[in-house]
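Student: Supplied in structure tokens, the structure appears directly below.
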Amino acid sequence: MRIRDELENRGQRVDHKKVQRIMKELGLKCLVRMKKYRSYKGKVGKIAPNILDCPFKAEKPNQKWVTDITEFK
């Protein structure tokens with residue numbers, strides 16, 4: 001908790017449950033904001049060479065589909 005950490009930085013050793021109890025008595029609530037997911041990071045990495053020598057050109061739309069198999073954390 002930020003309040004407990006700040007008190008500890010100022011030399012006061014307080015249990016986190018005591019801080020929660022005092023905050024409840026005073027009607028204080030902490031707001032935790034979710035960070036927005038941002039997947040675009042610009043041009044990253046290099047284009048892999050076509051080792052399998054696959055023909056990726058299609059004559060018509062929706063004739064060939066490919067996907068990226070990298071993993072997200």
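Ordering of the structure tokens sets the chain letters (A, B, ...), residue numbers begin anew at 1 in every chain, and ligands are numbered from 1 in the order given.
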Quick one: residues within 10 Å of A:Arg2, only C-alpha atoms counted, chain neighbours fewer than 6 positions away excluded, as a VMD selection string?

Tutor: chain A and resid 8 16 30

Student: Hey, can you spit out that residue selection with N, CA and C atoms as a compact mmCIF listing (two decimals), in the first residue's frame?

Tutor:
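Result file is selection-v6.txt:
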```
# COMPACT_ATOMS: atom_id res chain seq x y z
N GLU A 8 6.53 4.36 6.11
CA GLU A 8 7.79 3.67 6.40
C GLU A 8 8.98 4.50 5.93
N HIS A 16 0.05 -2.93 7.66
CA HIS A 16 -0.85 -2.57 6.57
C HIS A 16 -2.32 -2.71 6.98
N CYS A 30 -8.76 3.80 -2.20
CA CYS A 30 -7.72 3.97 -3.20
C CYS A 30 -8.29 3.60 -4.56
```

Student: Quick one: pull the distance between atom CA of A:Leu7 and atom CA of A:Lys35, Å, one decimal.

Tutor: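 Computing the Euclidean distance for atom CA of A:Leu7 and atom CA of A:Lys35 yields 26.3 Å.
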
Student: As a list in words, please: the residues near A:Val14 (cut-off 12 Å, only C-alpha atoms, same-chain neighbours under 6 positions excluded).

Tutor: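 Once the adjacent positions are removed, what remains is Met1, Ile3, Arg4, Asp5, Glu6, Leu7, Glu8, Gln20, Arg21 and Ile22 of chain A.
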
Student: Find the spatial neighbours of stretch 58-73 of chain A, counting only C-alpha atoms, within a cut-off of 12 Å - ignore same-chain residues fewer than 2 positions away - and output them as number ranges by chain.

Tutor: A: 39, 47-48, 54-56

Student: Which of chain A counts as alpha helix (DSSP H) under DSSP, as a ChimeraX atom specification please?

Tutor: /A:2-9,16-26
